[in-house]
Amino acid sequence: MASISSGSLTRVLYSYPCKAKIPKPLYSLLFKKSPVVGVASMSYDKELAAAKKAASLAARLCQKVQKALLQSDVQSKSDKSPVTVADYGSQAIVSFVLEREFPSDSESFSLVAEEDSGDLRKEDAQETLERITKLVNDTLSSDETYSVSPLSANDVLAAIDSGKSEGGSHGRHWVLDPIDGTKGFVRGDQYAIALALLDEGKVVLGVLACPNLPLSSIGSHDQHSSQYKVGCLFSAKVGAGTDMQSLDGSPPIKVHVSAIEDPEEASFFESFEAAHSMHDLSSSIAKKLGVKAPPVRIDSQAKYGALSRGDGAIYLRFPHKGYREKIWDHAAGYIVVTEAGGVVADAAGNALDFSRGRYLDLDTGIIVTNLKLMPSLLKAVTESLNEKASSSS
Ligand SMILES: Nc1ncnc2c1ncn2[C@@H]1O[C@H](COP(=O)(O)O)[C@@H](OP(=O)(O)O)[C@H]1O
Ligand SMILES: [Mg+2]
């Protein structure tokens with residue numbers, strides 16, 4: 001559970017390199033009350049079960065498409081349509097399952113998701129739409145729960161378009177990235193189906209389906225080896241901790257972030273894609289902290305999942321200037337890590353705010369680690385950012 005005991009807080013503050021100068025935002029992050037005070041008494045059990053079901057089925061569809069993509073020739077690999085088909089198909093499945101599971105919420109149903117059907121409604125997209133519709137129907141009929149009459153192409157378009165909500169600070173909003181890490185998906189590497197629920201602006205549950213993530217720690221072996229069983233489902237509910245199970249349905253186990261206190265023993269995650277996060281800045285931060293291990297570069301919110309079970313102790317994300325982060329790229333990962341005992345903050349040590357619509361308004365970047373390492377991480381981040389600013393001025 002993510003609650004911060006006074007004992008652990010005292011240790012955090014004593015471990016801060018310069019106690020008198022703990023930045024204000026970090027104080028509020030570490031001392032703040034439970035972020036879900038108003039909704040903590042809700043159970044969300046049915047919602048969590050539905051989210052796990054929806055993300056697992058969407059993962060099944062994505063696995064099928066990725067398998068076909070990797071077996072295809074070079075020419076069709078450079079074609080963007082497989083990822084398009086999987087993106088839309090995944091969003092249609094999740095939207096269908098959620099609406100099916102909560103029919104009485106149909107008036108207020110809200111889904112904030114990455115895709116919309118604009119391009120699919122164009123005349124030249126007819127064939128792609130047919131492929132998506134078939135994939136969605138095949139996937140739904142592979143699960144006994146949804147033995148419905150097949151969806152039409154229009155049903156699929158409508159399901160995709162349910163994801164147009166703007167989110168916000170009132171009511172409930174599902175938040176979906178149907179394929180997070182599309183670059184990794186195309187390469188045959190990591191990707192995730194990321195689904196979260198906001199209630200009154202707070203993330204109250206989240207699910208990460210990571211079809212290519214090994215079930216055992218990726219710190220200990222080559223993540224590309226086919227020797228290890230892959231396919232993880234992480235799920236977290238406010239106040240209830242984080243679970244991990246295999247996508248093929250093993251019983252869940254509780255996971256916890258790394259307890260490492262000495263940065264020299266820590267390893268850190270960052271985006272595989274240098275265009276998504278400044279690798280030179282992470283390297284400077286890691287050096288200041290004394291991290292010895294090389295960065296672990298993987299795509300998608302699989303990084304949050306891996307961190308929640310202690311595969312690495314730090315995740316650094318520093319987009320290049322001008323990029324605005326979206327809520328679906330972090331909501332599920334955020335609760336998976338915080339419920340496993342970790343802390344997620346922006347580069348100034350502020351808590352993330354998911355209540356402002358489709359975008360996350362952030363200070364510079366996102367940093368994730370355990371309670372013990374956060375103060376020294378924040379200090380290293382501040383120093384590195386200051387150096388970067390002064391060298392470019
Ligand atoms: N220039 C950029 N800077 C930062 N993030 C970016 C980016 N361009 C795309 N992204 C986001 O980075 C996500 C992938 O994150 P990661 O680098 O951790 O794999 C993408 O998710 P999608 O693949 O869902 O589009 C996209 O939202
Ligand atoms: Mg994404």
# chains A, B, ... in the order shown; residues from 1 in each chain; ligands from 1
call {"tool": "select_by_dssp", "arguments": {"residues": "stretch 290-390 of chain A", "states": "strand (DSSP E)", "output": "list of chain:residue names"}}
result
A:Val296, A:Arg297, A:Ile314, A:Tyr315, A:Leu316, A:Arg317, A:Gly342, A:Val343, A:Val344, A:Ala345, A:Asp346, A:Ile366, A:Ile367, A:Val368, A:Thr369, A:Asn370
call {"tool": "write_last_selection", "arguments": {"atoms": "N, CA and C atoms", "output": "compact mmCIF listing (two decimals), in the first residue's frame"}}
result
# COMPACT_ATOMS: atom_id res chain seq x y z
N VAL A 296 18.45 1.15 -18.46
CA VAL A 296 17.65 0.08 -19.07
C VAL A 296 16.61 0.79 -19.93
N ARG A 297 16.74 0.65 -21.25
CA ARG A 297 15.87 1.39 -22.18
C ARG A 297 14.80 0.48 -22.73
N ILE A 314 14.61 3.38 -10.45
CA ILE A 314 14.37 4.77 -10.90
C ILE A 314 13.86 4.76 -12.34
N TYR A 315 12.92 5.66 -12.64
CA TYR A 315 12.50 5.89 -14.03
C TYR A 315 12.61 7.39 -14.28
N LEU A 316 13.33 7.77 -15.32
CA LEU A 316 13.51 9.18 -15.65
C LEU A 316 12.90 9.46 -17.02
N ARG A 317 12.06 10.49 -17.09
CA ARG A 317 11.45 10.85 -18.38
C ARG A 317 11.51 12.35 -18.58
N GLY A 342 5.88 3.25 -4.45
CA GLY A 342 6.77 4.22 -5.09
C GLY A 342 6.21 5.63 -5.08
N VAL A 343 7.01 6.56 -5.57
CA VAL A 343 6.61 7.96 -5.68
C VAL A 343 6.79 8.40 -7.13
N VAL A 344 5.78 9.10 -7.65
CA VAL A 344 5.84 9.63 -9.02
C VAL A 344 5.67 11.14 -8.91
N ALA A 345 6.60 11.89 -9.49
CA ALA A 345 6.54 13.35 -9.36
C ALA A 345 7.00 14.00 -10.64
N ASP A 346 6.73 15.30 -10.76
CA ASP A 346 7.34 16.01 -11.89
C ASP A 346 8.75 16.44 -11.46
N ILE A 366 9.20 13.76 -15.73
CA ILE A 366 8.59 12.88 -14.72
C ILE A 366 9.69 12.02 -14.12
N ILE A 367 9.69 11.94 -12.79
CA ILE A 367 10.68 11.10 -12.11
C ILE A 367 9.94 10.13 -11.18
N VAL A 368 10.43 8.91 -11.14
CA VAL A 368 9.75 7.86 -10.39
C VAL A 368 10.80 7.08 -9.61
N THR A 369 10.55 6.86 -8.34
CA THR A 369 11.47 6.03 -7.56
C THR A 369 10.82 5.62 -6.24
N ASN A 370 11.62 5.11 -5.31
CA ASN A 370 11.05 4.78 -4.01
C ASN A 370 11.17 5.98 -3.07
call {"tool": "closest_atom_pairs", "arguments": {"of": "chain A", "to": "ligand 2", "cutoff": "12 Å", "atoms": "only C-alpha atoms and all ligand atoms", "output": "CSV"}}
result
residue,atom,partner,partner_atom_place_in_ligand_line,distance
A:Asp87,CA,ligand 2,1 (Mg),10.4
A:Ala113,CA,ligand 2,1 (Mg),9.8
A:Glu114,CA,ligand 2,1 (Mg),7.7
A:Glu115,CA,ligand 2,1 (Mg),10.5
A:Val175,CA,ligand 2,1 (Mg),11.3
A:Leu176,CA,ligand 2,1 (Mg),8.9
A:Asp177,CA,ligand 2,1 (Mg),5.5
A:Pro178,CA,ligand 2,1 (Mg),7.8
A:Ile179,CA,ligand 2,1 (Mg),6.4
A:Asp180,CA,ligand 2,1 (Mg),3.7
A:Gly181,CA,ligand 2,1 (Mg),5.6
A:Thr182,CA,ligand 2,1 (Mg),7.3
A:Lys183,CA,ligand 2,1 (Mg),9.8
A:Gly184,CA,ligand 2,1 (Mg),10.8
A:Phe185,CA,ligand 2,1 (Mg),11.2
A:Gln190,CA,ligand 2,1 (Mg),12.0
A:Tyr191,CA,ligand 2,1 (Mg),8.9
A:Ala192,CA,ligand 2,1 (Mg),8.4
A:Ile193,CA,ligand 2,1 (Mg),8.8
A:Ala194,CA,ligand 2,1 (Mg),8.3
A:Leu195,CA,ligand 2,1 (Mg),11.0
A:Leu208,CA,ligand 2,1 (Mg),11.9
A:Ser271,CA,ligand 2,1 (Mg),11.7
A:His276,CA,ligand 2,1 (Mg),10.8
A:Asp299,CA,ligand 2,1 (Mg),9.5
A:Ser300,CA,ligand 2,1 (Mg),6.7
A:Gln301,CA,ligand 2,1 (Mg),7.9
A:Ala302,CA,ligand 2,1 (Mg),11.0
A:Glu325,CA,ligand 2,1 (Mg),9.3
A:Lys326,CA,ligand 2,1 (Mg),7.9
A:Ile327,CA,ligand 2,1 (Mg),9.1
A:Trp328,CA,ligand 2,1 (Mg),6.5
A:Asp329,CA,ligand 2,1 (Mg),4.6
A:His330,CA,ligand 2,1 (Mg),8.2
A:Ala331,CA,ligand 2,1 (Mg),10.6
A:Ala332,CA,ligand 2,1 (Mg),11.0
A:Gly333,CA,ligand 2,1 (Mg),11.1
call {"tool": "atom_distance", "arguments": {"atom1": "atom CA of A:Arg100", "atom2": "atom CA of A:Lys46"}}
result
12.5 Å
call {"tool": "residues_around", "arguments": {"residues": "A:Val85", "least_positions_apart": "3", "cutoff": "10 Å", "atoms": "only C-alpha atoms", "output": "list in words"}}
result
Leu61, Cys62, Val65, Lys80, Ser81, Pro82, Tyr88, Gly89, Ser90, Leu120, Thr128, Leu129, Glu130, Arg131, Ile132, Thr133, Leu135 and Val136 of chain A
call {"tool": "atom_distance", "arguments": {"atom1": "atom CA of A:Ile93", "atom2": "atom CA of A:Asn137"}}
result
9.0 Å
call {"tool": "closest_residue", "arguments": {"among": "A:Glu47, A:Asp119, A:Glu273, A:Glu144", "to": "ligand 1", "atoms": "only C-alpha atoms and all ligand atoms"}}
result
A:Glu273
call {"tool": "select_by_dssp", "arguments": {"residues": "stretch 132-378 of chain A", "states": "alpha helix (DSSP H)", "output": "PyMOL selection string"}}
result
chain A and resi 132-141+153-161+182-187+279-289+302-308+331-338+374-378
call {"tool": "closest_residue", "arguments": {"among": "A:Gly310, A:Gly341, A:Pro319, A:Pro211", "to": "ligand 1", "atoms": "only C-alpha atoms and all ligand atoms"}}
result
A:Pro319
call {"tool": "closest_residue", "arguments": {"among": "A:Val97, A:Ala313, A:Leu111, A:Ala275", "to": "ligand 1", "atoms": "only C-alpha atoms and all ligand atoms"}}
result
A:Ala275
call {"tool": "atom_distance", "arguments": {"atom1": "atom CA of A:Gly167", "atom2": "atom CA of A:Tyr44"}}
result
18.5 Å
call {"tool": "closest_residue", "arguments": {"among": "A:Asp311, A:Glu270, A:Glu264, A:Asp280", "to": "ligand 1", "atoms": "only C-alpha atoms and all ligand atoms"}}
result
A:Glu270
call {"tool": "decode", "arguments": {"residues": "stretch 140-236 of chain A", "atoms": "C-alpha atoms", "output": "tab-separated table (two decimals), in the first residue's frame"}}
result
chain	number	residue	atom	x	y	z
A	140	LEU	CA	-14.54	-11.23	-28.46
A	141	SER	CA	-15.77	-14.65	-29.56
A	142	SER	CA	-12.59	-16.26	-28.18
A	143	ASP	CA	-13.94	-15.39	-24.72
A	144	GLU	CA	-17.15	-16.99	-23.50
A	145	THR	CA	-18.25	-13.89	-21.57
A	146	TYR	CA	-19.06	-11.96	-24.70
A	147	SER	CA	-20.89	-14.40	-26.91
A	148	VAL	CA	-22.80	-11.64	-28.65
A	149	SER	CA	-23.95	-11.32	-32.20
A	150	PRO	CA	-21.00	-9.98	-34.23
A	151	LEU	CA	-20.38	-6.24	-34.15
A	152	SER	CA	-20.87	-4.35	-37.39
A	153	ALA	CA	-18.28	-1.92	-38.77
A	154	ASN	CA	-20.50	0.90	-37.49
A	155	ASP	CA	-20.56	-0.62	-33.98
A	156	VAL	CA	-16.76	-0.69	-34.07
A	157	LEU	CA	-16.57	2.95	-35.18
A	158	ALA	CA	-18.99	3.95	-32.42
A	159	ALA	CA	-16.99	2.01	-29.81
A	160	ILE	CA	-13.78	3.78	-30.90
A	161	ASP	CA	-15.48	7.17	-30.77
A	162	SER	CA	-16.62	6.64	-27.18
A	163	GLY	CA	-13.04	7.62	-26.35
A	164	LYS	CA	-13.48	11.30	-27.15
A	165	SER	CA	-14.14	12.48	-23.61
A	166	GLU	CA	-12.17	15.43	-22.26
A	167	GLY	CA	-11.89	13.96	-18.74
A	168	GLY	CA	-11.69	16.51	-15.92
A	169	SER	CA	-12.06	16.87	-12.19
A	170	HIS	CA	-15.66	15.74	-11.74
A	171	GLY	CA	-17.25	12.34	-12.05
A	172	ARG	CA	-15.67	9.18	-13.36
A	173	HIS	CA	-13.52	8.89	-16.47
A	174	TRP	CA	-11.83	5.83	-17.90
A	175	VAL	CA	-8.42	6.64	-19.38
A	176	LEU	CA	-7.00	4.43	-22.12
A	177	ASP	CA	-3.86	4.07	-24.19
A	178	PRO	CA	-4.85	1.19	-26.50
A	179	ILE	CA	-1.22	0.56	-27.49
A	180	ASP	CA	1.33	2.48	-25.52
A	181	GLY	CA	4.77	2.20	-27.08
A	182	THR	CA	3.71	1.88	-30.71
A	183	LYS	CA	7.38	2.11	-31.77
A	184	GLY	CA	8.19	-0.86	-29.55
A	185	PHE	CA	5.17	-2.74	-30.90
A	186	VAL	CA	6.44	-2.37	-34.47
A	187	ARG	CA	9.98	-3.39	-33.50
A	188	GLY	CA	8.68	-6.50	-31.72
A	189	ASP	CA	9.70	-5.06	-28.34
A	190	GLN	CA	7.78	-3.82	-25.32
A	191	TYR	CA	4.36	-2.20	-25.47
A	192	ALA	CA	1.40	-1.99	-23.07
A	193	ILE	CA	-2.34	-1.67	-23.00
A	194	ALA	CA	-2.86	0.93	-20.28
A	195	LEU	CA	-6.24	1.52	-18.66
A	196	ALA	CA	-7.04	3.60	-15.59
A	197	LEU	CA	-10.09	5.05	-13.84
A	198	LEU	CA	-10.27	8.61	-12.55
A	199	ASP	CA	-12.83	9.45	-9.87
A	200	GLU	CA	-13.21	13.13	-8.97
A	201	GLY	CA	-9.88	13.82	-10.68
A	202	LYS	CA	-7.88	11.12	-8.85
A	203	VAL	CA	-6.57	7.87	-10.30
A	204	VAL	CA	-8.36	5.14	-8.33
A	205	LEU	CA	-7.37	2.06	-10.31
A	206	GLY	CA	-5.09	1.08	-13.14
A	207	VAL	CA	-4.20	-1.92	-15.24
A	208	LEU	CA	-1.15	-2.48	-17.44
A	209	ALA	CA	-1.16	-5.42	-19.81
A	210	CYS	CA	2.42	-5.96	-21.04
A	211	PRO	CA	2.37	-8.90	-23.48
A	212	ASN	CA	6.14	-8.99	-24.06
A	213	LEU	CA	7.39	-8.29	-20.55
A	214	PRO	CA	9.11	-11.33	-18.95
A	215	LEU	CA	7.39	-12.61	-15.80
A	216	SER	CA	10.74	-12.64	-14.04
A	217	SER	CA	12.85	-9.56	-13.36
A	218	ILE	CA	14.33	-7.95	-16.47
A	219	GLY	CA	17.22	-6.74	-14.34
A	220	SER	CA	18.56	-10.26	-14.18
A	221	HIS	CA	18.56	-11.32	-17.82
A	222	ASP	CA	18.37	-10.32	-21.45
A	223	GLN	CA	14.82	-9.07	-22.06
A	224	HIS	CA	15.01	-10.21	-25.69
A	225	SER	CA	15.76	-13.83	-24.89
A	226	SER	CA	12.99	-16.22	-25.89
A	227	GLN	CA	13.98	-18.43	-22.97
A	228	TYR	CA	11.77	-16.56	-20.49
A	229	LYS	CA	8.02	-16.69	-20.17
A	230	VAL	CA	6.46	-13.34	-21.07
A	231	GLY	CA	3.08	-11.62	-20.64
A	232	CYS	CA	2.38	-9.65	-17.45
A	233	LEU	CA	-0.80	-8.07	-16.13
A	234	PHE	CA	-0.28	-5.44	-13.42
A	235	SER	CA	-3.30	-4.14	-11.55
A	236	ALA	CA	-3.66	-1.64	-8.76
